[in-house]
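For reference, the structure discussed in these notes is given below.
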Amino acid sequence: MINWPEKVVVLTGASSGIGREMARLLVGKGAQLVMVARRGEVLLELQNEITVDGCMPPLVVVCDVGDSDQVANLLRQVEDRWGAADVLINNAGRGAYGPFSDGDLATYNSLVQTNLSGTIYCTKAFLPGMLIRGEGHLVFVSSIVAELPSPGHAVYCASKFAVNGLAESLEYELAPQGIQVHLVEPGLVRTEFPKRAGVPQKRFEQMPSKSALEVAQAVIQ
């Protein structure tokens with residue numbers, strides 16, 4: 001269990017869905033939050049909504065995690081303000097629903113760049129500071145499709161398989177050095193993510209789903 005007050009938490013994909021709900025919860029628990037996403041105006045709106053009177057507002061950093069140069073800038077901003085991060089939550093992700101044969105390579109490349117490369121870039125950036133202190137938490141928000149592949153999600157499934165492999169390998173590698181690794185595999189979640197990925201709404205009638213808040217609470221706990 002993490003003692004959240006004063007912990008420096010870097011949260012990617014903070015502008016919507018699970019990330020947005022995690023941001024609300026973390027600020028409420030007193031964490032020093034860094035909210036990361038590509039949509040700066042949405043982050044600023046959220047910052048205004050959740051800033052507690054008398055407290056330092058969350059740090060907003062506009063960043064495409066799939067761009068290593070932007071991740072390097074994110075690291076600099078965090079270090080300039082607070083030093084090393086205590087917790088990194090790799091939550092940013094993209095989806096693409098439909099037959100594999102109908103998809104285009106640009107979409108698939110973008111998906112893999114965010115879901116896998118972005119996770120690698122962020123973890124690589126913030127891990128050294130944790131290793132110096134001999135403690136820290138790496139959180140990987142994956143998906144149940146990494147365990148239960150689903151038709152229409154081939155490349156998304158592949159990217160989450162890879163995230164699982166990364167997380168599980170790092171758990172073995174980093175546990176002796178005081179770094180805790182947490183892998184989260186949500187099922188169907190009621191957010192804007194499925195709609196943006198093109199997932200048919202009938203899926204929500206056929207399968208059980210959870211709210212973004214329910215998943216966010218489970219991650220934080």
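If you're wondering about the labels, chains in the structure tokens are A, B, ... by order shown, residues count from 1 in each chain, ligands from 1 in order shown.
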* For segment 169-185 of chain A: contacts at 7 Å, only C-alpha atoms, fewer than 6 positions along chain excluded, given as a PyMOL selection string -> chain A and resi 131+134-144
* Extract, using only C-alpha atoms, all DNA, RNA and protein residues at most 10 Å from Leu75 of chain A, discarding same-chain residues fewer than 6 positions from it, and format them as a ChimeraX atom specification. => /A:10,61,69,83-85,122,125-126
* To do: as a list in words, please: all residues of segment 7-138 of chain A that backbone DSSP puts in strand (DSSP E).
  => Val8, Val9, Val10, Leu11, Thr12, Gln32, Leu33, Val34, Met35, Val36, Ala37, Leu59, Val60, Val61, Val62, Val87, Leu88, Ile89, Asn90, Gly136, His137 and Leu138 of chain A
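Using only C-alpha atoms, the smallest distance between any of A:Ala72, A:Thr123, A:Gly30, A:Asn48 and Ala167 of chain A comes from A:Thr123.
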* Excluding Glu214 of chain A and residues on its chain fewer than 5 positions from it, collect all residues at most 9 Å away from it, counting only C-alpha atoms, and give them as a list in words. => Ile18, Glu21 and Val219 of chain A
For the selection you just gave me, I'd like the residues written to a file as a PDB file, in the first residue's frame, keeping N, CA, C and O atoms.
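Dumped everything to result.pdb:
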```
ATOM      1  N   ILE A  18     -10.028   6.305 -17.727  1.00  0.00           N
ATOM      2  CA  ILE A  18      -9.450   5.819 -16.485  1.00  0.00           C
ATOM      3  C   ILE A  18      -8.432   6.821 -15.937  1.00  0.00           C
ATOM      4  O   ILE A  18      -8.382   7.080 -14.735  1.00  0.00           O
ATOM      5  N   GLU A  21     -10.040   9.780 -14.116  1.00  0.00           N
ATOM      6  CA  GLU A  21     -10.552   9.411 -12.790  1.00  0.00           C
ATOM      7  C   GLU A  21      -9.410   9.158 -11.808  1.00  0.00           C
ATOM      8  O   GLU A  21      -9.510   9.506 -10.622  1.00  0.00           O
ATOM      9  N   VAL A 219      -7.020   0.464  -9.405  1.00  0.00           N
ATOM     10  CA  VAL A 219      -5.607   0.721  -9.657  1.00  0.00           C
ATOM     11  C   VAL A 219      -4.965   1.414  -8.461  1.00  0.00           C
ATOM     12  O   VAL A 219      -3.896   1.020  -7.988  1.00  0.00           O
TER      13      VAL A 219
END
```
